[in-house]
file protein-v4.pdb (PDB, C-alpha atoms)
ATOM      1  CA  MET A   1     -24.830 -15.908   5.777  1.00  0.00           C
ATOM      2  CA  ASP A   2     -22.318 -15.314   8.545  1.00  0.00           C
ATOM      3  CA  THR A   3     -19.093 -14.999   6.567  1.00  0.00           C
ATOM      4  CA  ARG A   4     -16.994 -15.530   9.695  1.00  0.00           C
ATOM      5  CA  THR A   5     -17.989 -19.209   9.583  1.00  0.00           C
ATOM      6  CA  LEU A   6     -16.460 -19.608   6.110  1.00  0.00           C
ATOM      7  CA  LEU A   7     -12.939 -19.790   7.571  1.00  0.00           C
ATOM      8  CA  THR A   8     -11.728 -21.638  10.630  1.00  0.00           C
ATOM      9  CA  ASN A   9     -10.153 -19.566  13.391  1.00  0.00           C
ATOM     10  CA  ASP A  10      -6.706 -20.819  12.326  1.00  0.00           C
ATOM     11  CA  GLN A  11      -7.341 -19.966   8.658  1.00  0.00           C
ATOM     12  CA  PHE A  12      -8.569 -16.506   9.577  1.00  0.00           C
ATOM     13  CA  ALA A  13      -5.503 -15.965  11.790  1.00  0.00           C
ATOM     14  CA  ASP A  14      -3.201 -17.081   8.948  1.00  0.00           C
ATOM     15  CA  VAL A  15      -4.732 -14.546   6.546  1.00  0.00           C
ATOM     16  CA  VAL A  16      -4.569 -11.822   9.186  1.00  0.00           C
ATOM     17  CA  ALA A  17      -0.870 -12.670   9.676  1.00  0.00           C
ATOM     18  CA  THR A  18      -0.318 -12.207   5.926  1.00  0.00           C
ATOM     19  CA  VAL A  19      -1.901  -8.748   6.050  1.00  0.00           C
ATOM     20  CA  LEU A  20       0.286  -7.871   9.034  1.00  0.00           C
ATOM     21  CA  ASP A  21       3.416  -9.198   7.306  1.00  0.00           C
ATOM     22  CA  ASN A  22       2.715  -6.982   4.294  1.00  0.00           C
ATOM     23  CA  ASN A  23       1.936  -3.844   6.299  1.00  0.00           C
ATOM     24  CA  ASP A  24       4.577  -2.960   8.876  1.00  0.00           C
ATOM     25  CA  GLY A  25       3.161  -1.350  11.984  1.00  0.00           C
ATOM     26  CA  MET A  26      -0.474  -2.254  11.311  1.00  0.00           C
ATOM     27  CA  GLU A  27      -2.479  -3.157  14.411  1.00  0.00           C
ATOM     28  CA  GLU A  28      -3.856  -6.696  14.517  1.00  0.00           C
ATOM     29  CA  LEU A  29      -7.405  -5.459  15.119  1.00  0.00           C
ATOM     30  CA  LEU A  30      -7.287  -3.433  11.890  1.00  0.00           C
ATOM     31  CA  ALA A  31      -5.911  -6.422   9.967  1.00  0.00           C
ATOM     32  CA  ARG A  32      -8.762  -8.565  11.331  1.00  0.00           C
ATOM     33  CA  ARG A  33     -11.301  -5.960  10.176  1.00  0.00           C
ATOM     34  CA  ILE A  34      -9.696  -5.870   6.719  1.00  0.00           C
ATOM     35  CA  VAL A  35      -9.782  -9.649   6.331  1.00  0.00           C
ATOM     36  CA  GLY A  36     -13.385  -9.843   7.522  1.00  0.00           C
ATOM     37  CA  GLU A  37     -14.431  -7.176   5.048  1.00  0.00           C
ATOM     38  CA  ALA A  38     -12.522  -8.942   2.244  1.00  0.00           C
ATOM     39  CA  VAL A  39     -14.384 -12.192   2.951  1.00  0.00           C
ATOM     40  CA  ARG A  40     -17.704 -10.307   2.818  1.00  0.00           C
ATOM     41  CA  PHE A  41     -16.640  -8.671  -0.461  1.00  0.00           C
ATOM     42  CA  VAL A  42     -15.723 -12.027  -2.036  1.00  0.00           C
ATOM     43  CA  ALA A  43     -19.007 -13.530  -0.797  1.00  0.00           C
ATOM     44  CA  THR A  44     -20.909 -10.643  -2.398  1.00  0.00           C
ATOM     45  CA  ALA A  45     -18.965 -10.997  -5.649  1.00  0.00           C
ATOM     46  CA  ALA A  46     -19.798 -14.697  -5.750  1.00  0.00           C
ATOM     47  CA  ARG A  47     -23.481 -14.018  -5.061  1.00  0.00           C
ATOM     48  CA  TYR A  48     -23.765 -11.293  -7.748  1.00  0.00           C
ATOM     49  CA  PRO A  49     -21.353 -12.365 -10.507  1.00  0.00           C
ATOM     50  CA  THR A  50     -22.799 -10.119 -13.212  1.00  0.00           C
ATOM     51  CA  VAL A  51     -22.672  -6.854 -11.259  1.00  0.00           C
ATOM     52  CA  ALA A  52     -19.614  -4.609 -11.623  1.00  0.00           C
ATOM     53  CA  ILE A  53     -18.261  -4.202  -8.093  1.00  0.00           C
ATOM     54  CA  THR A  54     -14.812  -3.406  -6.772  1.00  0.00           C
ATOM     55  CA  PRO A  55     -13.043  -3.454  -3.414  1.00  0.00           C
ATOM     56  CA  SER A  56     -11.538  -0.370  -1.860  1.00  0.00           C
ATOM     57  CA  ARG A  57      -7.762  -0.328  -1.795  1.00  0.00           C
ATOM     58  CA  VAL A  58      -7.865  -1.285   1.890  1.00  0.00           C
ATOM     59  CA  VAL A  59     -10.289  -4.181   1.381  1.00  0.00           C
ATOM     60  CA  ASP A  60      -8.233  -5.271  -1.632  1.00  0.00           C
ATOM     61  CA  GLU A  61      -5.313  -5.790   0.754  1.00  0.00           C
ATOM     62  CA  GLY A  62      -7.390  -8.411   2.535  1.00  0.00           C
ATOM     63  CA  TRP A  63      -8.453  -9.979  -0.769  1.00  0.00           C
ATOM     64  CA  HIS A  64      -4.798 -10.236  -1.813  1.00  0.00           C
ATOM     65  CA  ALA A  65      -3.991 -11.969   1.471  1.00  0.00           C
ATOM     66  CA  LEU A  66      -6.843 -14.444   0.948  1.00  0.00           C
ATOM     67  CA  ILE A  67      -5.654 -15.231  -2.565  1.00  0.00           C
ATOM     68  CA  LEU A  68      -2.092 -15.893  -1.377  1.00  0.00           C
ATOM     69  CA  HIS A  69      -3.489 -18.794   0.630  1.00  0.00           C
ATOM     70  CA  THR A  70      -4.454 -20.644  -2.545  1.00  0.00           C
ATOM     71  CA  ALA A  71      -6.004 -23.791  -1.048  1.00  0.00           C
ATOM     72  CA  LEU A  72      -7.923 -21.748   1.508  1.00  0.00           C
ATOM     73  CA  TYR A  73      -9.151 -19.334  -1.186  1.00  0.00           C
ATOM     74  CA  THR A  74     -10.169 -22.177  -3.510  1.00  0.00           C
ATOM     75  CA  ASN A  75     -12.132 -23.768  -0.659  1.00  0.00           C
ATOM     76  CA  LEU A  76     -13.713 -20.437   0.289  1.00  0.00           C
ATOM     77  CA  CYS A  77     -14.906 -19.889  -3.269  1.00  0.00           C
ATOM     78  CA  ALA A  78     -16.208 -23.467  -3.459  1.00  0.00           C
ATOM     79  CA  GLN A  79     -18.268 -22.805  -0.324  1.00  0.00           C
ATOM     80  CA  LEU A  80     -19.640 -19.679  -2.000  1.00  0.00           C
ATOM     81  CA  GLY A  81     -20.622 -21.595  -5.136  1.00  0.00           C
ATOM     82  CA  ARG A  82     -18.229 -19.997  -7.637  1.00  0.00           C
ATOM     83  CA  PHE A  83     -14.612 -18.969  -7.997  1.00  0.00           C
ATOM     84  CA  VAL A  84     -14.059 -15.211  -7.795  1.00  0.00           C
ATOM     85  CA  HIS A  85     -11.108 -14.210  -9.953  1.00  0.00           C
ATOM     86  CA  HIS A  86      -8.987 -11.141  -9.310  1.00  0.00           C
ATOM     87  CA  TYR A  87      -8.218  -8.808 -12.237  1.00  0.00           C
ATOM     88  CA  PRO A  88      -5.825  -6.118 -10.950  1.00  0.00           C
ATOM     89  CA  GLU A  89      -4.670  -3.080 -12.881  1.00  0.00           C
ATOM     90  CA  ARG A  90      -2.213  -0.351 -11.995  1.00  0.00           C
ATOM     91  CA  PRO A  91      -4.023   2.607 -10.441  1.00  0.00           C
ATOM     92  CA  GLU A  92      -5.024   5.296 -12.872  1.00  0.00           C
ATOM     93  CA  ILE A  93      -7.031   8.096 -11.310  1.00  0.00           C
ATOM     94  CA  THR A  94      -8.541   9.123 -14.670  1.00  0.00           C
ATOM     95  CA  LYS A  95     -10.267   5.724 -14.909  1.00  0.00           C
ATOM     96  CA  TYR A  96     -11.501   5.691 -11.323  1.00  0.00           C
ATOM     97  CA  ASP A  97     -15.282   5.240 -11.075  1.00  0.00           C
ATOM     98  CA  LYS A  98     -16.324   7.401  -8.120  1.00  0.00           C
ATOM     99  CA  ASN A  99     -19.594   5.460  -7.808  1.00  0.00           C
ATOM    100  CA  ALA A 100     -17.971   2.018  -7.736  1.00  0.00           C
ATOM    101  CA  LEU A 101     -17.429   1.835  -3.988  1.00  0.00           C
ATOM    102  CA  THR A 102     -20.934   3.126  -3.234  1.00  0.00           C
ATOM    103  CA  ARG A 103     -22.382   0.546  -5.632  1.00  0.00           C
ATOM    104  CA  THR A 104     -20.277  -2.193  -4.026  1.00  0.00           C
ATOM    105  CA  THR A 105     -21.149  -1.391  -0.430  1.00  0.00           C
ATOM    106  CA  ALA A 106     -24.849  -1.038  -1.300  1.00  0.00           C
ATOM    107  CA  LEU A 107     -24.787  -4.495  -2.875  1.00  0.00           C
ATOM    108  CA  MET A 108     -22.985  -5.902   0.165  1.00  0.00           C
ATOM    109  CA  GLU A 109     -25.690  -4.431   2.396  1.00  0.00           C
ATOM    110  CA  GLU A 110     -28.348  -5.889   0.091  1.00  0.00           C
ATOM    111  CA  ALA A 111     -26.656  -9.258   0.589  1.00  0.00           C
ATOM    112  CA  GLY A 112     -27.148  -8.795   4.331  1.00  0.00           C
ATOM    113  CA  TYR A 113     -23.654  -7.716   5.392  1.00  0.00           C
ATOM    114  CA  SER A 114     -22.848  -4.764   7.601  1.00  0.00           C
ATOM    115  CA  ILE A 115     -20.217  -2.422   6.185  1.00  0.00           C
ATOM    116  CA  ASP A 116     -17.088  -1.226   7.968  1.00  0.00           C
ATOM    117  CA  HIS A 117     -17.263   2.194   6.279  1.00  0.00           C
ATOM    118  CA  GLU A 118     -13.803   3.309   7.408  1.00  0.00           C
ATOM    119  CA  LEU A 119     -12.345   0.595   5.140  1.00  0.00           C
ATOM    120  CA  TRP A 120     -14.197   1.851   2.046  1.00  0.00           C
ATOM    121  CA  ALA A 121     -12.634   5.265   1.407  1.00  0.00           C
ATOM    122  CA  ALA A 122     -11.852   6.323  -2.157  1.00  0.00           C
ATOM    123  CA  PRO A 123      -8.187   5.949  -3.167  1.00  0.00           C
ATOM    124  CA  THR A 124      -7.577   9.676  -2.864  1.00  0.00           C
ATOM    125  CA  LYS A 125      -9.168   9.798   0.604  1.00  0.00           C
ATOM    126  CA  ALA A 126      -7.895   6.561   2.151  1.00  0.00           C
ATOM    127  CA  LEU A 127      -6.677   7.146   5.677  1.00  0.00           C
ATOM    128  CA  ILE A 128      -5.355   3.621   6.160  1.00  0.00           C
ATOM    129  CA  PRO A 129      -2.094   2.931   4.322  1.00  0.00           C
ATOM    130  CA  VAL A 130      -1.800  -0.545   2.810  1.00  0.00           C
ATOM    131  CA  ALA A 131       0.577  -2.360   0.482  1.00  0.00           C
ATOM    132  CA  ALA A 132      -2.067  -3.122  -2.185  1.00  0.00           C
ATOM    133  CA  ASN A 133      -1.527  -0.857  -5.153  1.00  0.00           C
ATOM    134  CA  CYS A 134      -4.025  -1.802  -7.813  1.00  0.00           C
ATOM    135  CA  GLN A 135      -7.506  -0.887  -8.904  1.00  0.00           C
ATOM    136  CA  HIS A 136     -10.209  -2.917 -10.540  1.00  0.00           C
ATOM    137  CA  LEU A 137     -11.986  -1.724 -13.638  1.00  0.00           C
ATOM    138  CA  PRO A 138     -14.841  -3.383 -15.500  1.00  0.00           C
ATOM    139  CA  LYS A 139     -13.673  -4.907 -18.770  1.00  0.00           C
ATOM    140  CA  PRO A 140     -16.224  -5.156 -21.595  1.00  0.00           C
ATOM    141  CA  GLY A 141     -17.130  -8.764 -22.273  1.00  0.00           C
ATOM    142  CA  GLY A 142     -15.152 -10.018 -19.309  1.00  0.00           C
ATOM    143  CA  CYS A 143     -16.303 -12.093 -16.373  1.00  0.00           C
ATOM    144  CA  GLY A 144     -16.066 -11.894 -12.627  1.00  0.00           C
ATOM    145  CA  PRO A 145     -16.964  -9.315 -10.031  1.00  0.00           C
ATOM    146  CA  ILE A 146     -14.932  -6.678 -11.789  1.00  0.00           C
ATOM    147  CA  ARG A 147     -15.387  -8.073 -15.278  1.00  0.00           C
ATOM    148  CA  PRO A 148     -19.089  -8.939 -15.312  1.00  0.00           C
ATOM    149  CA  GLY A 149     -20.408 -10.691 -18.337  1.00  0.00           C
ATOM    150  CA  SER A 150     -22.497 -13.600 -19.456  1.00  0.00           C
ATOM    151  CA  CYS A 151     -19.643 -16.110 -19.607  1.00  0.00           C
ATOM    152  CA  ALA A 152     -18.692 -18.456 -16.805  1.00  0.00           C
ATOM    153  CA  SER A 153     -14.925 -18.080 -16.570  1.00  0.00           C
ATOM    154  CA  HIS A 154     -15.143 -17.163 -12.904  1.00  0.00           C
ATOM    155  CA  CYS A 155     -17.434 -20.028 -11.949  1.00  0.00           C
ATOM    156  CA  SER A 156     -16.203 -23.278 -10.470  1.00  0.00           C
ATOM    157  CA  GLY A 157     -15.898 -25.724 -13.312  1.00  0.00           C
ATOM    158  CA  GLY A 158     -16.741 -23.167 -15.995  1.00  0.00           C
ATOM    159  CA  SER A 159     -14.432 -21.707 -18.587  1.00  0.00           C
ATOM    160  CA  SER A 160     -14.777 -19.407 -21.519  1.00  0.00           C
ATOM    161  CA  GLY A 161     -11.128 -18.928 -22.259  1.00  0.00           C
ATOM    162  CA  ASN A 162     -11.150 -15.496 -20.611  1.00  0.00           C
ATOM    163  CA  ASP A 163      -9.383 -16.614 -17.442  1.00  0.00           C
ATOM    164  CA  SER A 164      -6.386 -14.418 -16.708  1.00  0.00           C
TER     165      SER A 164
END

call {"tool": "encode", "arguments": {"input": "protein-v4.pdb", "output": "structure tokens"}}
result
Amino acid sequence: MDTRTLLTNDQFADVVATVLDNNDGMEELLARRIVGEAVRFVATAARYPTVAITPSRVVDEGWHALILHTALYTNLCAQLGRFVHHYPERPEITKYDKNALTRTTALMEEAGYSIDHELWAAPTKALIPVAANCQHLPKPGGCGPIRPGSCASHCSGGSSGNDS
């Protein structure tokens, strides 16, 4: 699937503008890369809802921008077949799973997406400063890309009471 077709040019530009608004001095080309990678991440999360994956801090910036456009994000998730919830936590380096980003990018490649590797650096090695300041940790018994489980709280129309 070509994820670029999931948003219109105007929608994509609106999300890019949100990334730029939140990150003073960022070049538009970088913001476009971040948003594109965030769409591919969300598409992968929707395709593999039971696998524990997580965005890099840079890609998370794009995911945050997508989510801020609530109608757009709801429509995007509907096109992907399920709603992908976001479960942020404050960064805590002692809980960081050093294999999480490798696992995520491998799954994205398995889904057929090329990876913009510069956007997937570990939090301690990130060379691109962004406003996003959260990490995503798997939660036992939870649902979603970062809270995989057997319930359907992240699916369109499904609920297990674990939505947060």

call {"tool": "residues_around", "arguments": {"input": "protein-v4.pdb", "residues": "Phe41 of chain A", "least_positions_apart": "6", "cutoff": "12 Å", "atoms": "all atoms listed in the file", "output": "ChimeraX atom specification"}}
result
/A:3,34-35,47-49,53-56,58-63,66,77,80,84,86,101,104-109,111-116,119-120,145-146

call {"tool": "atom_distance", "arguments": {"input": "protein-v4.pdb", "atom1": "atom CA of Val39 of chain A", "atom2": "atom CA of Glu118 of chain A"}}
result
16.1 Å

call {"tool": "resolve_selection", "arguments": {"input": "protein-v4.pdb", "expression": "the PyMOL selection byres ((chain A and resi 17) around 12)", "output": "list in words"}}
result
Asp10, Gln11, Phe12, Ala13, Asp14, Val15, Val16, Thr18, Val19, Leu20, Asp21, Asn22, Asn23, Asp24, Met26, Glu27, Glu28, Leu29, Leu30, Ala31, Arg32, Ile34, Val35, Gly62, Ala65, Leu66, Leu68 and His69 of chain A

call {"tool": "atom_distance", "arguments": {"input": "protein-v4.pdb", "atom1": "atom CA of Gly81 of chain A", "atom2": "atom CA of Val42 of chain A"}}
result
11.2 Å

call {"tool": "atom_distance", "arguments": {"input": "protein-v4.pdb", "atom1": "atom CA of Ala71 of chain A", "atom2": "atom CA of Arg57 of chain A"}}
result
23.5 Å

call {"tool": "closest_residue", "arguments": {"input": "protein-v4.pdb", "among": "A:Ala38, A:Leu72, A:Ala78, A:Ala52", "to": "Ala100 of chain A", "atoms": "all atoms listed in the file"}}
result
A:Ala52

call {"tool": "axis_aligned_box", "arguments": {"input": "protein-v4.pdb", "around": "segment 23-41 of chain A", "padding_each_side": "5 Å", "output": "AutoDock Vina command-line options"}}
result
--center_x -6.6 --center_y -6.8 --center_z 7.3 --size_x 32.3 --size_y 20.8 --size_z 25.6

call {"tool": "closest_residue", "arguments": {"input": "protein-v4.pdb", "among": "A:His117, A:Leu76, A:Ala122, A:Arg103", "to": "Val51 of chain A", "atoms": "all atoms listed in the file"}}
result
A:Arg103

call {"tool": "closest_residue", "arguments": {"input": "protein-v4.pdb", "among": "A:Thr102, A:Ala121, A:Tyr87, A:Arg4", "to": "Ala43 of chain A", "atoms": "all atoms listed in the file"}}
result
A:Arg4

call {"tool": "decode", "arguments": {"input": "protein-v4.pdb", "residues": "segment 8-19 of chain A", "atoms": "all heavy atoms", "output": "JSON list (two decimals), in the first residue's frame"}}
result
[["chain", "number", "residue", "atom", "x", "y", "z"],
["A", 8, "THR", "N", -4.94, 13.39, 1.41],
["A", 8, "THR", "CA", -4.89, 14.29, 0.25],
["A", 8, "THR", "C", -3.67, 15.18, 0.39],
["A", 8, "THR", "O", -3.08, 15.29, 1.47],
["A", 8, "THR", "CB", -6.15, 15.17, 0.17],
["A", 8, "THR", "OG1", -6.15, 16.07, 1.29],
["A", 8, "THR", "CG2", -7.43, 14.33, 0.16],
["A", 9, "ASN", "N", -3.30, 15.85, -0.68],
["A", 9, "ASN", "CA", -2.17, 16.78, -0.61],
["A", 9, "ASN", "C", -2.42, 17.87, 0.42],
["A", 9, "ASN", "O", -1.51, 18.24, 1.16],
["A", 9, "ASN", "CB", -1.90, 17.41, -1.99],
["A", 9, "ASN", "CG", -1.30, 16.40, -2.95],
["A", 9, "ASN", "OD1", -0.68, 15.41, -2.55],
["A", 9, "ASN", "ND2", -1.48, 16.65, -4.24],
["A", 10, "ASP", "N", -3.65, 18.38, 0.49],
["A", 10, "ASP", "CA", -3.98, 19.43, 1.46],
["A", 10, "ASP", "C", -3.90, 18.90, 2.89],
["A", 10, "ASP", "O", -3.40, 19.59, 3.79],
["A", 10, "ASP", "CB", -5.37, 20.01, 1.20],
["A", 10, "ASP", "CG", -5.41, 20.90, -0.03],
["A", 10, "ASP", "OD1", -4.34, 21.34, -0.51],
["A", 10, "ASP", "OD2", -6.53, 21.17, -0.52],
["A", 11, "GLN", "N", -4.39, 17.69, 3.12],
["A", 11, "GLN", "CA", -4.32, 17.09, 4.46],
["A", 11, "GLN", "C", -2.87, 16.90, 4.88],
["A", 11, "GLN", "O", -2.49, 17.21, 6.02],
["A", 11, "GLN", "CB", -5.05, 15.75, 4.49],
["A", 11, "GLN", "CG", -6.54, 15.86, 4.39],
["A", 11, "GLN", "CD", -7.20, 14.50, 4.24],
["A", 11, "GLN", "OE1", -6.66, 13.58, 3.62],
["A", 11, "GLN", "NE2", -8.40, 14.37, 4.80],
["A", 12, "PHE", "N", -2.07, 16.37, 3.97],
["A", 12, "PHE", "CA", -0.66, 16.15, 4.26],
["A", 12, "PHE", "C", 0.01, 17.48, 4.60],
["A", 12, "PHE", "O", 0.76, 17.59, 5.57],
["A", 12, "PHE", "CB", 0.02, 15.47, 3.06],
["A", 12, "PHE", "CG", 1.39, 14.95, 3.35],
["A", 12, "PHE", "CD1", 1.58, 13.72, 3.95],
["A", 12, "PHE", "CD2", 2.52, 15.69, 3.01],
["A", 12, "PHE", "CE1", 2.86, 13.23, 4.22],
["A", 12, "PHE", "CE2", 3.80, 15.23, 3.27],
["A", 12, "PHE", "CZ", 3.97, 13.99, 3.88],
["A", 13, "ALA", "N", -0.27, 18.51, 3.81],
["A", 13, "ALA", "CA", 0.32, 19.83, 4.04],
["A", 13, "ALA", "C", -0.11, 20.39, 5.39],
["A", 13, "ALA", "O", 0.69, 21.04, 6.09],
["A", 13, "ALA", "CB", -0.07, 20.79, 2.91],
["A", 14, "ASP", "N", -1.36, 20.15, 5.79],
["A", 14, "ASP", "CA", -1.84, 20.63, 7.09],
["A", 14, "ASP", "C", -1.08, 19.96, 8.23],
["A", 14, "ASP", "O", -0.72, 20.62, 9.22],
["A", 14, "ASP", "CB", -3.34, 20.37, 7.24],
["A", 14, "ASP", "CG", -4.20, 21.29, 6.40],
["A", 14, "ASP", "OD1", -3.69, 22.31, 5.90],
["A", 14, "ASP", "OD2", -5.40, 20.98, 6.26],
["A", 15, "VAL", "N", -0.84, 18.67, 8.12],
["A", 15, "VAL", "CA", -0.11, 17.95, 9.18],
["A", 15, "VAL", "C", 1.34, 18.40, 9.20],
["A", 15, "VAL", "O", 1.92, 18.60, 10.27],
["A", 15, "VAL", "CB", -0.25, 16.42, 9.01],
["A", 15, "VAL", "CG1", 0.55, 15.69, 10.08],
["A", 15, "VAL", "CG2", -1.72, 16.00, 9.05],
["A", 16, "VAL", "N", 1.93, 18.59, 8.04],
["A", 16, "VAL", "CA", 3.30, 19.09, 7.96],
["A", 16, "VAL", "C", 3.37, 20.46, 8.64],
["A", 16, "VAL", "O", 4.30, 20.75, 9.40],
["A", 16, "VAL", "CB", 3.80, 19.17, 6.50],
["A", 16, "VAL", "CG1", 5.09, 19.98, 6.37],
["A", 16, "VAL", "CG2", 3.99, 17.76, 5.94],
["A", 17, "ALA", "N", 2.38, 21.32, 8.39],
["A", 17, "ALA", "CA", 2.36, 22.65, 9.01],
["A", 17, "ALA", "C", 2.30, 22.54, 10.53],
["A", 17, "ALA", "O", 2.94, 23.33, 11.24],
["A", 17, "ALA", "CB", 1.17, 23.45, 8.49],
["A", 18, "THR", "N", 1.59, 21.56, 11.05],
["A", 18, "THR", "CA", 1.53, 21.35, 12.50],
["A", 18, "THR", "C", 2.90, 20.97, 13.04],
["A", 18, "THR", "O", 3.33, 21.48, 14.08],
["A", 18, "THR", "CB", 0.48, 20.28, 12.86],
["A", 18, "THR", "OG1", -0.80, 20.74, 12.41],
["A", 18, "THR", "CG2", 0.43, 20.02, 14.34],
["A", 19, "VAL", "N", 3.60, 20.09, 12.36],
["A", 19, "VAL", "CA", 4.96, 19.72, 12.79],
["A", 19, "VAL", "C", 5.85, 20.96, 12.78],
["A", 19, "VAL", "O", 6.60, 21.21, 13.72],
["A", 19, "VAL", "CB", 5.54, 18.60, 11.89],
["A", 19, "VAL", "CG1", 7.02, 18.38, 12.20],
["A", 19, "VAL", "CG2", 4.76, 17.31, 12.09]]
